[in-house]
Each structure stands twice: as C-alpha cells, then as structure tokens.
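*Asks:* For reference, this is upload.csv, and it has CSV, C-alpha atoms.
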chain,number,residue,atom,x,y,z
A,1,MET,CA,36.3,-76.2,68.9
A,2,SER,CA,32.5,-76.2,69.5
A,3,ASP,CA,30.1,-77.0,66.7
A,4,VAL,CA,28.0,-74.1,65.5
A,5,LEU,CA,24.4,-75.1,64.8
A,6,GLU,CA,23.0,-73.8,61.6
A,7,PRO,CA,19.3,-74.7,61.9
A,8,ALA,CA,17.0,-75.6,59.1
A,9,VAL,CA,14.1,-75.1,61.5
A,10,VAL,CA,13.6,-72.6,64.3
A,11,LEU,CA,11.0,-73.1,67.0
A,12,LEU,CA,10.0,-69.9,68.8
A,13,GLY,CA,8.1,-70.7,72.0
A,14,SER,CA,8.5,-71.0,75.8
A,15,ARG,CA,10.0,-73.7,78.0
A,16,PHE,CA,6.6,-74.8,79.1
A,17,ASP,CA,5.0,-74.9,75.7
A,18,PHE,CA,5.3,-78.7,75.5
A,19,SER,CA,3.8,-78.7,72.0
A,20,CYS,CA,7.3,-77.5,70.8
A,21,ASP,CA,8.8,-80.6,72.5
A,22,TYR,CA,6.7,-82.9,70.3
A,23,VAL,CA,7.7,-81.1,67.2
A,24,ALA,CA,11.4,-81.0,68.2
A,25,SER,CA,11.2,-84.8,68.8
A,26,HIS,CA,10.0,-85.4,65.2
A,27,LEU,CA,12.6,-83.0,63.8
A,28,ARG,CA,15.3,-84.9,65.7
A,29,THR,CA,14.0,-88.2,64.3
A,30,ARG,CA,14.2,-86.7,60.8
A,31,GLY,CA,17.8,-85.6,61.3
A,32,VAL,CA,16.8,-81.9,60.8
A,33,PRO,CA,19.1,-79.4,62.5
A,34,TYR,CA,16.8,-77.2,64.6
A,35,LEU,CA,17.0,-74.5,67.1
A,36,ARG,CA,14.5,-73.8,69.9
A,37,LEU,CA,14.4,-70.3,71.3
A,38,ASN,CA,12.3,-69.7,74.3
A,39,ALA,CA,11.5,-66.2,75.4
A,40,GLU,CA,12.5,-66.8,79.0
A,41,ASP,CA,15.9,-68.3,77.9
A,42,LEU,CA,17.0,-65.4,75.7
A,43,PRO,CA,18.7,-63.4,78.5
A,44,GLN,CA,21.0,-66.4,79.0
A,45,LEU,CA,22.3,-66.1,75.5
A,46,ALA,CA,24.7,-63.7,73.9
A,47,LEU,CA,22.8,-62.7,70.7
A,48,SER,CA,23.8,-60.5,67.7
A,49,TRP,CA,21.7,-60.0,64.6
A,50,ASN,CA,23.0,-58.5,61.4
A,51,PRO,CA,19.8,-57.5,59.6
A,52,ALA,CA,21.6,-56.7,56.3
A,53,GLN,CA,22.7,-60.3,56.0
A,54,ARG,CA,19.9,-61.7,58.1
A,55,HIS,CA,22.5,-63.6,60.1
A,56,LEU,CA,21.7,-64.2,63.8
A,57,ARG,CA,24.6,-65.4,66.0
A,58,GLY,CA,24.0,-66.7,69.4
A,59,SER,CA,25.9,-68.5,72.1
A,60,GLY,CA,25.1,-69.8,75.6
A,61,PRO,CA,25.6,-72.7,77.9
A,62,ASP,CA,26.4,-75.7,75.6
A,63,LEU,CA,24.9,-73.9,72.6
A,64,SER,CA,26.3,-71.9,69.7
A,65,PHE,CA,24.3,-71.1,66.6
A,66,ARG,CA,24.1,-69.1,63.5
A,67,VAL,CA,20.7,-68.6,61.7
A,68,ARG,CA,21.1,-68.0,58.0
A,69,PRO,CA,18.4,-67.6,55.5
A,70,GLU,CA,20.3,-69.8,53.0
A,71,VAL,CA,19.7,-72.8,55.3
A,72,LEU,CA,16.4,-72.0,57.0
A,73,THR,CA,13.3,-73.9,55.7
A,74,GLY,CA,10.8,-73.4,58.5
A,75,ILE,CA,9.8,-71.4,61.6
A,76,LEU,CA,7.3,-72.5,64.2
A,77,PHE,CA,6.0,-69.4,65.8
A,78,ARG,CA,4.1,-69.9,69.1
A,79,ARG,CA,4.5,-66.5,70.7
A,80,PRO,CA,1.9,-63.8,71.2
A,81,THR,CA,1.6,-61.3,68.4
A,82,PHE,CA,0.9,-58.5,70.8
A,83,GLN,CA,0.8,-58.1,74.6
A,84,ARG,CA,-0.9,-56.0,77.1
A,85,ALA,CA,0.1,-54.2,80.2
A,86,THR,CA,-2.3,-55.9,82.7
A,87,PRO,CA,-3.6,-53.8,85.6
A,88,ASN,CA,-2.0,-54.6,88.9
A,89,GLY,CA,0.7,-56.6,87.1
A,90,SER,CA,3.7,-57.3,89.2
A,91,ASP,CA,6.4,-56.5,86.7
A,92,SER,CA,8.9,-53.9,87.5
A,93,PRO,CA,9.4,-51.3,84.7
A,94,GLN,CA,12.6,-53.1,83.6
A,95,ALA,CA,11.0,-56.5,83.7
A,96,TYR,CA,8.0,-55.2,81.7
A,97,LEU,CA,10.1,-53.6,79.1
A,98,ALA,CA,12.4,-56.6,78.8
A,99,ARG,CA,9.4,-58.8,78.2
A,100,LEU,CA,8.2,-56.5,75.4
A,101,HIS,CA,11.6,-56.2,73.8
A,102,TRP,CA,12.3,-59.9,73.7
A,103,GLU,CA,8.9,-60.5,72.1
A,104,ALA,CA,9.7,-57.9,69.5
A,105,PHE,CA,13.1,-59.7,69.0
A,106,LEU,CA,11.2,-62.9,68.2
A,107,ARG,CA,8.8,-61.2,65.9
A,108,ASN,CA,11.7,-59.9,63.9
A,109,PHE,CA,12.2,-63.4,62.6
A,110,MET,CA,9.7,-62.2,60.1
A,111,MET,CA,12.7,-61.0,58.1
A,112,TYR,CA,13.0,-64.6,57.0
A,113,ALA,CA,10.1,-64.2,54.6
A,114,SER,CA,10.8,-67.1,52.2
A,115,CYS,CA,10.7,-70.0,54.7
A,116,GLN,CA,7.6,-72.0,55.7
A,117,TRP,CA,5.9,-70.3,58.7
A,118,VAL,CA,3.6,-72.0,61.1
A,119,ASN,CA,2.1,-69.5,61.5
A,120,HIS,CA,3.3,-66.2,60.2
A,121,PRO,CA,2.9,-63.5,63.0
A,122,ALA,CA,1.2,-61.1,60.7
A,123,ALA,CA,-1.4,-63.7,59.6
A,124,THR,CA,-1.8,-64.7,63.3
A,125,TYR,CA,-2.4,-61.1,64.3
A,126,GLU,CA,-5.1,-60.7,61.6
A,127,ALA,CA,-6.7,-64.1,62.2
A,128,GLU,CA,-7.1,-63.6,65.9
A,129,HIS,CA,-9.8,-60.9,65.3
A,130,LYS,CA,-13.1,-62.5,66.0
A,131,ALA,CA,-15.4,-60.5,63.7
A,132,LEU,CA,-13.0,-61.0,60.8
A,133,GLN,CA,-12.9,-64.8,61.5
A,134,LEU,CA,-16.7,-64.9,61.4
A,135,ALA,CA,-16.9,-62.9,58.2
A,136,VAL,CA,-14.4,-65.1,56.4
A,137,ALA,CA,-15.9,-68.3,57.7
A,138,SER,CA,-19.3,-67.1,56.4
A,139,ASP,CA,-17.7,-66.3,53.1
A,140,ILE,CA,-16.2,-69.8,52.9
A,141,GLY,CA,-19.6,-71.3,53.4
A,142,LEU,CA,-19.5,-72.3,57.0
A,143,ASP,CA,-22.6,-71.6,59.1
A,144,ILE,CA,-22.0,-69.1,61.9
A,145,PRO,CA,-24.3,-68.2,64.8
A,146,ARG,CA,-26.4,-65.1,64.5
A,147,THR,CA,-24.0,-62.5,65.8
A,148,ARG,CA,-23.7,-58.8,66.7
A,149,ILE,CA,-20.5,-57.1,67.8
A,150,THR,CA,-21.9,-54.2,69.6
A,151,ASN,CA,-21.9,-51.7,72.5
A,152,SER,CA,-25.6,-51.2,72.2
A,153,ALA,CA,-28.0,-53.3,74.3
A,154,SER,CA,-30.7,-52.8,71.7
A,155,ALA,CA,-28.8,-55.3,69.5
A,156,VAL,CA,-29.7,-58.1,71.9
A,157,SER,CA,-33.2,-58.5,70.3
A,158,GLU,CA,-31.6,-59.0,66.9
A,159,VAL,CA,-29.8,-62.1,68.1
A,160,SER,CA,-32.0,-63.7,70.8
A,161,SER,CA,-34.5,-66.4,69.9
A,162,SER,CA,-34.6,-68.6,73.0
A,163,GLY,CA,-34.6,-66.1,75.9
A,164,ARG,CA,-30.9,-66.5,76.3
A,165,VAL,CA,-27.9,-65.2,74.4
A,166,ALA,CA,-24.2,-66.0,74.5
A,167,LEU,CA,-22.0,-63.1,75.6
A,168,LYS,CA,-18.3,-63.1,74.8
A,169,GLY,CA,-15.4,-60.6,74.8
A,170,LEU,CA,-14.3,-59.3,71.4
A,171,ASP,CA,-10.9,-59.9,72.8
A,172,THR,CA,-9.5,-61.9,75.7
A,173,VAL,CA,-11.2,-60.9,79.0
A,174,LEU,CA,-8.4,-61.2,81.5
A,175,TRP,CA,-7.2,-59.1,84.4
A,176,ARG,CA,-5.6,-59.3,87.8
A,177,GLU,CA,-7.1,-57.5,90.7
A,178,ASN,CA,-7.1,-57.7,94.5
A,179,GLY,CA,-5.2,-60.9,94.6
A,180,GLN,CA,-7.3,-62.7,92.1
A,181,ASP,CA,-7.2,-63.5,88.4
A,182,HIS,CA,-10.3,-62.8,86.4
A,183,PHE,CA,-11.1,-64.6,83.1
A,184,GLY,CA,-14.1,-64.3,80.9
A,185,TYR,CA,-15.6,-67.4,79.3
A,186,THR,CA,-18.5,-67.6,77.0
A,187,ASN,CA,-21.5,-66.8,79.1
A,188,LEU,CA,-25.1,-67.9,78.5
A,189,ILE,CA,-27.3,-65.2,80.0
A,190,SER,CA,-30.9,-64.0,79.9
A,191,SER,CA,-31.7,-61.8,76.9
A,192,ASP,CA,-33.9,-59.6,79.0
A,193,GLU,CA,-31.2,-59.1,81.6
A,194,LEU,CA,-28.6,-58.2,78.9
A,195,ALA,CA,-31.0,-55.9,77.1
A,196,GLU,CA,-31.4,-53.9,80.3
A,197,SER,CA,-27.6,-53.5,80.9
A,198,ASP,CA,-25.2,-50.8,79.8
A,199,LEU,CA,-22.8,-52.1,77.1
A,200,SER,CA,-21.7,-48.6,75.9
A,201,ASP,CA,-18.2,-48.6,77.5
A,202,MET,CA,-16.8,-51.5,75.4
A,203,PRO,CA,-18.0,-53.6,72.5
A,204,ALA,CA,-18.9,-57.2,73.1
A,205,THR,CA,-19.9,-60.2,71.0
A,206,ILE,CA,-23.4,-61.3,71.4
A,207,GLN,CA,-24.6,-64.5,69.7
A,208,GLU,CA,-27.6,-66.6,69.7
A,209,ALA,CA,-27.5,-69.1,72.5
A,210,ILE,CA,-26.9,-72.6,71.2
A,211,SER,CA,-28.0,-75.6,73.2
A,212,ASN,CA,-28.0,-79.3,72.5
A,213,LYS,CA,-24.7,-79.0,70.8
A,214,LEU,CA,-21.8,-81.3,70.4
A,215,ASP,CA,-18.6,-79.3,70.5
A,216,LEU,CA,-15.9,-80.2,68.0
A,217,ARG,CA,-12.3,-79.3,68.0
A,218,VAL,CA,-10.9,-79.4,64.4
A,219,THR,CA,-7.1,-79.3,64.0
A,220,VAL,CA,-5.9,-78.3,60.6
A,221,VAL,CA,-2.3,-78.4,59.3
A,222,GLY,CA,-2.2,-77.6,55.6
A,223,THR,CA,-4.7,-80.0,54.0
A,224,ASP,CA,-4.7,-82.5,56.9
A,225,VAL,CA,-7.6,-82.4,59.3
A,226,TRP,CA,-8.3,-84.2,62.6
A,227,THR,CA,-11.4,-83.8,64.6
A,228,ALA,CA,-12.3,-84.5,68.2
A,229,SER,CA,-15.7,-84.3,69.8
A,230,VAL,CA,-16.0,-82.9,73.3
A,231,SER,CA,-18.6,-84.3,75.7
A,232,THR,CA,-19.2,-85.2,79.2
A,233,GLU,CA,-20.9,-88.4,80.4
A,234,GLY,CA,-21.9,-89.1,76.8
A,235,SER,CA,-23.6,-85.8,76.3
A,236,GLY,CA,-22.8,-82.4,74.7
A,237,ILE,CA,-21.7,-79.6,77.0
A,238,ASP,CA,-23.9,-76.6,77.6
A,239,GLY,CA,-22.0,-73.3,77.3
A,240,ASP,CA,-18.2,-73.1,77.4
A,241,TRP,CA,-16.7,-76.6,77.5
A,242,ARG,CA,-13.4,-75.2,78.9
A,243,LEU,CA,-15.2,-74.8,82.2
A,244,LEU,CA,-15.4,-78.6,82.4
A,245,LYS,CA,-12.1,-79.4,80.8
A,246,GLU,CA,-11.1,-81.8,83.6
A,247,GLU,CA,-14.3,-83.8,83.1
A,248,ALA,CA,-14.5,-83.5,79.3
A,249,ASP,CA,-14.1,-86.6,77.2
A,250,PHE,CA,-12.5,-86.3,73.8
A,251,GLU,CA,-13.2,-88.8,71.0
A,252,VAL,CA,-12.2,-89.1,67.4
A,253,PHE,CA,-15.0,-87.7,65.2
A,254,THR,CA,-15.4,-87.9,61.4
A,255,LEU,CA,-16.5,-84.6,59.7
A,256,PRO,CA,-18.3,-84.7,56.4
A,257,ARG,CA,-15.7,-84.2,53.6
A,258,GLU,CA,-17.2,-80.8,52.6
A,259,ILE,CA,-16.9,-79.5,56.1
A,260,GLU,CA,-13.3,-80.6,56.4
A,261,GLN,CA,-12.6,-78.9,53.1
A,262,ARG,CA,-14.2,-75.6,54.4
A,263,CYS,CA,-12.0,-75.8,57.4
A,264,VAL,CA,-8.9,-76.2,55.2
A,265,ASP,CA,-10.1,-73.4,53.0
A,266,LEU,CA,-10.7,-71.1,56.0
A,267,THR,CA,-7.3,-71.8,57.4
A,268,LYS,CA,-5.6,-71.1,54.1
A,269,LYS,CA,-7.8,-68.0,53.4
A,270,LEU,CA,-6.5,-66.5,56.7
A,271,GLY,CA,-2.9,-67.1,55.6
A,272,LEU,CA,-2.4,-69.8,58.1
A,273,THR,CA,-0.8,-73.2,57.9
A,274,PHE,CA,-2.2,-74.4,61.3
A,275,GLY,CA,-5.6,-73.7,62.8
A,276,ALA,CA,-7.5,-74.9,65.8
A,277,ILE,CA,-11.1,-74.5,64.9
A,278,ASP,CA,-14.1,-74.8,67.2
A,279,LEU,CA,-17.2,-76.0,65.6
A,280,ALA,CA,-20.5,-77.3,67.0
A,281,LEU,CA,-22.8,-79.9,65.6
A,282,ILE,CA,-26.4,-78.7,66.2
A,283,ASN,CA,-29.3,-80.7,64.8
A,284,GLY,CA,-27.3,-81.9,61.9
A,285,THR,CA,-25.7,-78.6,61.1
A,286,TYR,CA,-22.1,-77.7,61.6
A,287,VAL,CA,-21.7,-74.2,63.0
A,288,PHE,CA,-18.4,-72.3,63.2
A,289,PHE,CA,-17.5,-70.6,66.5
A,290,GLU,CA,-13.8,-69.6,66.1
A,291,ILE,CA,-10.4,-70.4,64.9
A,292,ASN,CA,-7.3,-70.1,67.0
A,293,PRO,CA,-4.0,-69.7,65.1
A,294,THR,CA,-1.9,-70.7,68.2
A,295,GLY,CA,-4.3,-73.2,69.7
A,296,GLU,CA,-3.2,-76.2,71.7
A,297,TRP,CA,-3.2,-79.6,70.1
A,298,ALA,CA,-0.7,-81.8,72.0
A,299,TRP,CA,-3.4,-83.0,74.4
A,300,LEU,CA,-5.2,-84.5,71.4
A,301,GLU,CA,-2.0,-86.1,70.2
A,302,GLU,CA,-1.6,-87.7,73.6
A,303,ARG,CA,-5.2,-88.9,74.0
A,304,LEU,CA,-6.2,-89.6,70.4
A,305,SER,CA,-2.9,-90.1,68.6
A,306,PHE,CA,-3.5,-87.3,66.1
A,307,PRO,CA,-0.1,-87.1,64.2
A,308,VAL,CA,-0.1,-83.3,64.4
A,309,ALA,CA,3.6,-82.9,65.5
A,310,GLU,CA,4.8,-85.2,62.7
A,311,THR,CA,2.8,-83.3,60.2
A,312,LEU,CA,4.1,-79.9,61.5
A,313,ALA,CA,7.6,-81.2,61.3
A,314,ALA,CA,7.1,-82.3,57.7
A,315,HIS,CA,5.8,-78.8,56.8
A,316,LEU,CA,8.7,-77.1,58.5
A,317,ALA,CA,11.3,-79.4,56.9
A,318,PRO,CA,9.7,-80.4,53.6
A,319,HIS,CA,12.7,-82.2,52.0
A,320,THR,CA,13.0,-84.7,54.8
A,321,ASN,CA,11.1,-87.8,55.9
A,322,SER,CA,10.2,-89.5,59.1
A,323,GLU,CA,12.9,-92.1,58.6
A,324,GLY,CA,15.6,-89.5,58.9
A,325,GLY,CA,16.3,-89.2,55.2
B,326,MET,CA,-20.0,-52.6,85.7
B,327,HIS,CA,-19.9,-53.9,82.1
B,328,PRO,CA,-21.5,-57.3,81.8
B,329,LEU,CA,-18.3,-58.8,80.5
B,330,LEU,CA,-16.7,-58.0,83.9
B,331,GLU,CA,-19.7,-59.0,85.9
B,332,CYS,CA,-19.8,-62.4,84.1
B,333,SER,CA,-16.1,-63.1,84.5
B,334,ARG,CA,-14.9,-65.9,86.8
B,335,ALA,CA,-12.4,-65.1,89.6
B,336,PHE,CA,-9.6,-67.5,90.5
B,337,PRO,CA,-6.9,-67.3,93.2
B,338,ILE,CA,-3.7,-66.0,91.6
B,339,SER,CA,-1.8,-69.1,90.5
B,340,ASP,CA,1.7,-69.1,89.1
B,341,PRO,CA,2.4,-72.8,89.3
B,342,ASP,CA,5.7,-74.3,88.6
B,343,LEU,CA,5.1,-76.0,85.3
B,344,SER,CA,8.4,-77.9,85.3
B,345,PRO,CA,7.9,-81.6,84.9
B,346,SER,CA,8.5,-83.5,88.1
B,347,GLU,CA,11.4,-85.4,86.5
B,348,GLY,CA,13.9,-84.5,83.9
B,349,GLU,CA,15.4,-81.1,83.0
B,350,TYR,CA,15.3,-78.7,80.1
B,351,ASP,CA,18.1,-79.2,77.6
B,352,LEU,CA,19.0,-75.9,75.9
B,353,LEU,CA,20.8,-77.6,73.0
B,354,LEU,CA,18.1,-80.2,72.3
B,355,GLY,CA,15.4,-77.7,72.9
B,356,ALA,CA,13.2,-80.0,75.0
B,357,TRP,CA,12.6,-81.5,78.4
B,358,VAL,CA,14.8,-84.6,78.7
B,359,ASP,CA,14.9,-87.6,81.0
B,360,THR,CA,18.4,-87.2,82.4
B,361,ASP,CA,18.8,-91.0,82.8
B,362,SER,CA,17.8,-92.2,79.3
B,363,GLY,CA,18.3,-89.0,77.3
B,364,ARG,CA,14.8,-89.4,75.8
B,365,PHE,CA,12.5,-86.5,75.4
B,366,LEU,CA,9.9,-86.6,78.2
B,367,VAL,CA,7.1,-86.4,75.7
B,368,ASP,CA,8.4,-89.6,74.1
B,369,ASP,CA,8.6,-91.5,77.4
B,370,ASP,CA,6.1,-94.2,78.2
B,371,ASP,CA,4.9,-92.1,81.1
B,372,PRO,CA,1.3,-92.0,82.1
B,373,ASP,CA,1.9,-88.5,83.2
B,374,PRO,CA,3.7,-86.7,80.4
B,375,PRO,CA,4.4,-82.9,80.5
B,376,ARG,CA,1.0,-81.3,80.3
B,377,THR,CA,0.1,-78.8,77.7
B,378,LYS,CA,-1.6,-75.6,78.5
B,379,LYS,CA,-5.1,-77.1,78.2
B,380,ASN,CA,-4.5,-78.5,81.6
B,381,ASP,CA,-3.1,-75.4,83.2
B,382,VAL,CA,-4.5,-72.2,84.4
B,383,GLU,CA,-6.6,-70.5,81.7
B,384,THR,CA,-5.0,-67.3,80.4
B,385,GLY,CA,-6.3,-67.5,76.8
B,386,GLU,CA,-5.0,-70.1,74.4
B,387,ASP,CA,-3.2,-67.5,72.3
B,388,GLN,CA,-1.0,-66.6,75.2
B,389,LYS,CA,-2.2,-63.0,75.1
B,390,GLY,CA,-2.4,-63.3,78.9
B,391,TYR,CA,0.5,-62.6,81.1
What does the file become when written as structure tokens?
*Replies:*
Amino acid sequence: MSDVLEPAVVLLGSRFDFSCDYVASHLRTRGVPYLRLNAEDLPQLALSWNPAQRHLRGSGPDLSFRVRPEVLTGILFRRPTFQRATPNGSDSPQAYLARLHWEAFLRNFMMYASCQWVNHPAATYEAEHKALQLAVASDIGLDIPRTRITNSASAVSEVSSSGRVALKGLDTVLWRENGQDHFGYTNLISSDELAESDLSDMPATIQEAISNKLDLRVTVVGTDVWTASVSTEGSGIDGDWRLLKEEADFEVFTLPREIEQRCVDLTKKLGLTFGAIDLALINGTYVFFEINPTGEWAWLEERLSFPVAETLAAHLAPHTNSEGG
Amino acid sequence: MHPLLECSRAFPISDPDLSPSEGEYDLLLGAWVDTDSGRFLVDDDDPDPPRTKKNDVETGEDQKGY
C-alpha cells in the first residue's frame, strides 16, 4: 500500500524554478510534509479536485497525494498571474490552451483562503501594476522618481531635467519575431528625441533619468529585510543593471532602519508577504523604482547567504522550527 | 514605430536546456537531487549549483514571458 502524502505546504512552480528547491530543502529539514507541483509536470499526474470539499487528489510516478484544507498551512505561489499569447509563438492551439488551462488550475488553489500565501495571486496581480506600485510607495513615504505614464510626448518636458529621460514599458516588453526574441529594458534616451516621437499607440512610463546611483535590491519576507548593492568595478551602474548582470557585483548593504520599515510597510500594504524591491541610493536619498512580487532571490542566498529560503519555510509552516520540531 | 519597440534589444531565440548537468528531478521530493548522495543539488557543496533565472535568458522576472 503506497503512502498518500497530505501536505502542510504546497509549492506551485516549475521544474527550473530552483528557488523552490531551496524552500523544499528547508521544509524537508523541518520535517514538514510538502508537495511541489510544477506546471510542466501536471500532465503526468492523474488529478481530481472536489471543490465542495476542497480536496485535491493526485497520483503519478512514485507520488500519491491528497490536499486538504484541514492540513494545509501554506502555499508558495511562483506562477504567472496572467499570460499572453505572444505573436509568432510556436504553440499549437492545443499546446497553447493546455498551458492556459494548467495555469488556471494552479490559480484555483486560491480556494484555500485560510492558509499563509507567499504570495496570494490576487495580491500579486494587483502589485505587478507599475503605476499602482509607485502611488503606494509614495503614500508610504518612499521617494519615487518624477514620473508620467503617458501616450503623449508633451509629457516628456514635465519629467526631464538633465536632457535625458528613462523610458520603460508599463508592462513587460517582450515579443518574438523573425527568429529573434525582443526584450525592453529601461532605456536612457534624449528628452528632445523622445519629445519628437509618437507615443500615441501605447502608454509608456517616462521618468527622470537618474545617474550616479547605487542600485539596491531589497528582499522582504514579512518583517525581515535583506539588502544587496549592485555595482561593477566598484561603481554604480548607469541605466538598467540587468544588462550587466554577468559583470555585476553584489554586496551586503545596510539600509537605514526607517527605509527598511517603509519597504516592509509597502510589501504589507500591497497584500504581499514577499517582495523584491529595487531602490537606488542617489546623493544620500533612497529612491523607489519597483517591487516584484515574484522576484528572484536565490542568487542572493547563494552569494551573500541571505536566509530567504529558511524564512519563507518558516512563514509557510509556522508551527515548526529549523531543527525539525 | 513606437519608441518602446525601437529601444528594445534583440536576442537570438534561445530555449536552453536548463536541466542541471548532474542529478535528476525527483517528483516526490520536489527538487533536483544528486542521484548518488540523495542530497538536493542546491545543498551540495558545488561551485556550480543550479542557477536561478537571474542567470538565464531574460523574459521578465515575473514569468509573464513565454
């Protein structure tokens, strides 16, 4: 007779989301029964959900489980909250629809409303909206760059002060065309050039260009905060540091206590337990750029020993400890 | 063309195999495992642990890409 796993924690991710491996490791150490469901593995399982009882049964190679709300304490949700049909995508209609339906399947874990979510999909969906983030960050007391979300080039002059502005998408800029992937980073461009262009077809985010900055990645889990500075060859990075990610150096950085608290407050205000916040230190002022509810952190755990995974495990299984008790 | 498209960066289409070079994914344990030791690869004293997305092709951290 095979054992049926009744998990206290469910991890919803993908096979190559190695962040989940770190959390699984800590749950294992704590002796917490957990179940990891990856979107790409779901077709291998025989699944049946009874929504009236909120019981999910599943079985597959070497795995048999039953999710019950009476046992469940936490869910780690690391899936997209919505997806796009990308132009020139290579999915067949069936593959495309299967992908959408499995993501919907995973989102339906929201029926387990009383457990600890990291993060709840509805909160993630809301928090991913850039203008909303900036508004809430400003309300919290964080400095934000001078910003316009606009489809009118006349707004450039309201933002520019240095002859350059930062141009960003209001949403992810990503498409596939003619055998290439195209991705939009934060662009520093001439104010005059942008003021002469036609933005009418879609809104964009235009912000004052910030130079001589030190980028900071702030990782928040509940009331715990870890901060890393991002630099190259001892200096801050002009523009989007992701373009230099292979050359970037990450070091532990100590934020002032009041800035840490505002990051905690922002994360909580957005209904999140976890947040990956991008700040910049500019001439002694900490400026908020964005928060990512599903941001990466495992590379910081690897390089700087930030105990993010252990802290997440503790949130998901609050009545356990790291010694397996 | 809208400036957001003009300013975008183009990359060769890349769908790399992200599987770690050693070990295999264990469906029950829910992690990549060293088949010899049974340890999670992320716990191994390996100078080249499984890489998180930060080191992979950029599709947007929130996975709203493909």
*Asks:* Kindly give the distance, in Å, that separates CA of Asn50 (chain A) and CA of Asn119 (chain A), rounded to a single decimal.
*Replies:*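 CA of Asn50 (chain A) sits 23.6 Å away from CA of Asn119 (chain A).
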*Asks:* Any idea what's packed within 10 Å of Val358 (chain B), counting only C-alpha atoms, ignoring anything in its chain fewer than 2 positions away? Could you give it as an MDAnalysis selection string?
*Replies:* (chainID A and resid 21) or (chainID B and resid 345 347:351 354:356 360:369)
*Asks:* Compute the set of chain A residues within 8 Å of chain B, using all atoms listed in the file, and express it as a PyMOL selection string.
*Replies:* chain A and resi 15-22+24-25+35-37+61-63+79-84+86+167-169+172-174+176+179-185+187+194+197-199+201-202+204+245-246+292-296+298-299
*Asks:* Could you tell me how far CA of Gln133 (chain A) lies from CA of Lys269 (chain A), in Å and to one decimal?
*Replies:*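 Between CA of Gln133 (chain A) and CA of Lys269 (chain A) the gap works out to 10.1 Å.
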*Asks:* Rounded to one decimal place, report the CA of Leu300 (chain A)-CA of Leu312 (chain A) distance in Å.
*Replies:* 14.3 Å
*Asks:* Could you give me, as a ChimeraX atom specification, the residues within 7 Å of region 223-237 of chain A, counting all atoms listed in the file and dropping anything in the same chain fewer than 3 positions from it?
*Replies:* /A:212-220,241,247-254,260,264,306
*Asks:* Do a neighbour search on region 144-149 of chain A at 12 Å with only C-alpha atoms, toss out local chain neighbours closer than 5 positions, and write the hits as a ChimeraX atom specification.
*Replies:* /A:129-139,154-161,165-171,199-200,202-211,278-282,285-290
*Asks:* At a cut-off of 12 Å, using all atoms listed in the file, what residues contact Ala113 (chain A)? Leave out same-chain residues fewer than 2 positions from it and give the result as a ChimeraX atom specification.
*Replies:* /A:54,69-70,72-75,107-111,115-117,119-122
*Asks:* Please list as a PDB file with C-alpha atoms, in the coordinates of the input every residue within 9 Å of Arg262 (chain A), counting all atoms listed in the file and excluding residues in the same chain fewer than 2 positions away.
*Replies:*
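Listed below is the output, part-v7.pdb:
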ATOM      1  CA  ALA A 137     -15.900 -68.300  57.700  1.00  0.00           C
ATOM      2  CA  ILE A 140     -16.200 -69.800  52.900  1.00  0.00           C
ATOM      3  CA  GLY A 141     -19.600 -71.300  53.400  1.00  0.00           C
ATOM      4  CA  LEU A 142     -19.500 -72.300  57.000  1.00  0.00           C
ATOM      5  CA  ARG A 257     -15.700 -84.200  53.600  1.00  0.00           C
ATOM      6  CA  GLU A 258     -17.200 -80.800  52.600  1.00  0.00           C
ATOM      7  CA  ILE A 259     -16.900 -79.500  56.100  1.00  0.00           C
ATOM      8  CA  GLU A 260     -13.300 -80.600  56.400  1.00  0.00           C
ATOM      9  CA  VAL A 264      -8.900 -76.200  55.200  1.00  0.00           C
ATOM     10  CA  ASP A 265     -10.100 -73.400  53.000  1.00  0.00           C
ATOM     11  CA  LEU A 266     -10.700 -71.100  56.000  1.00  0.00           C
ATOM     12  CA  THR A 267      -7.300 -71.800  57.400  1.00  0.00           C
TER      13      THR A 267
END
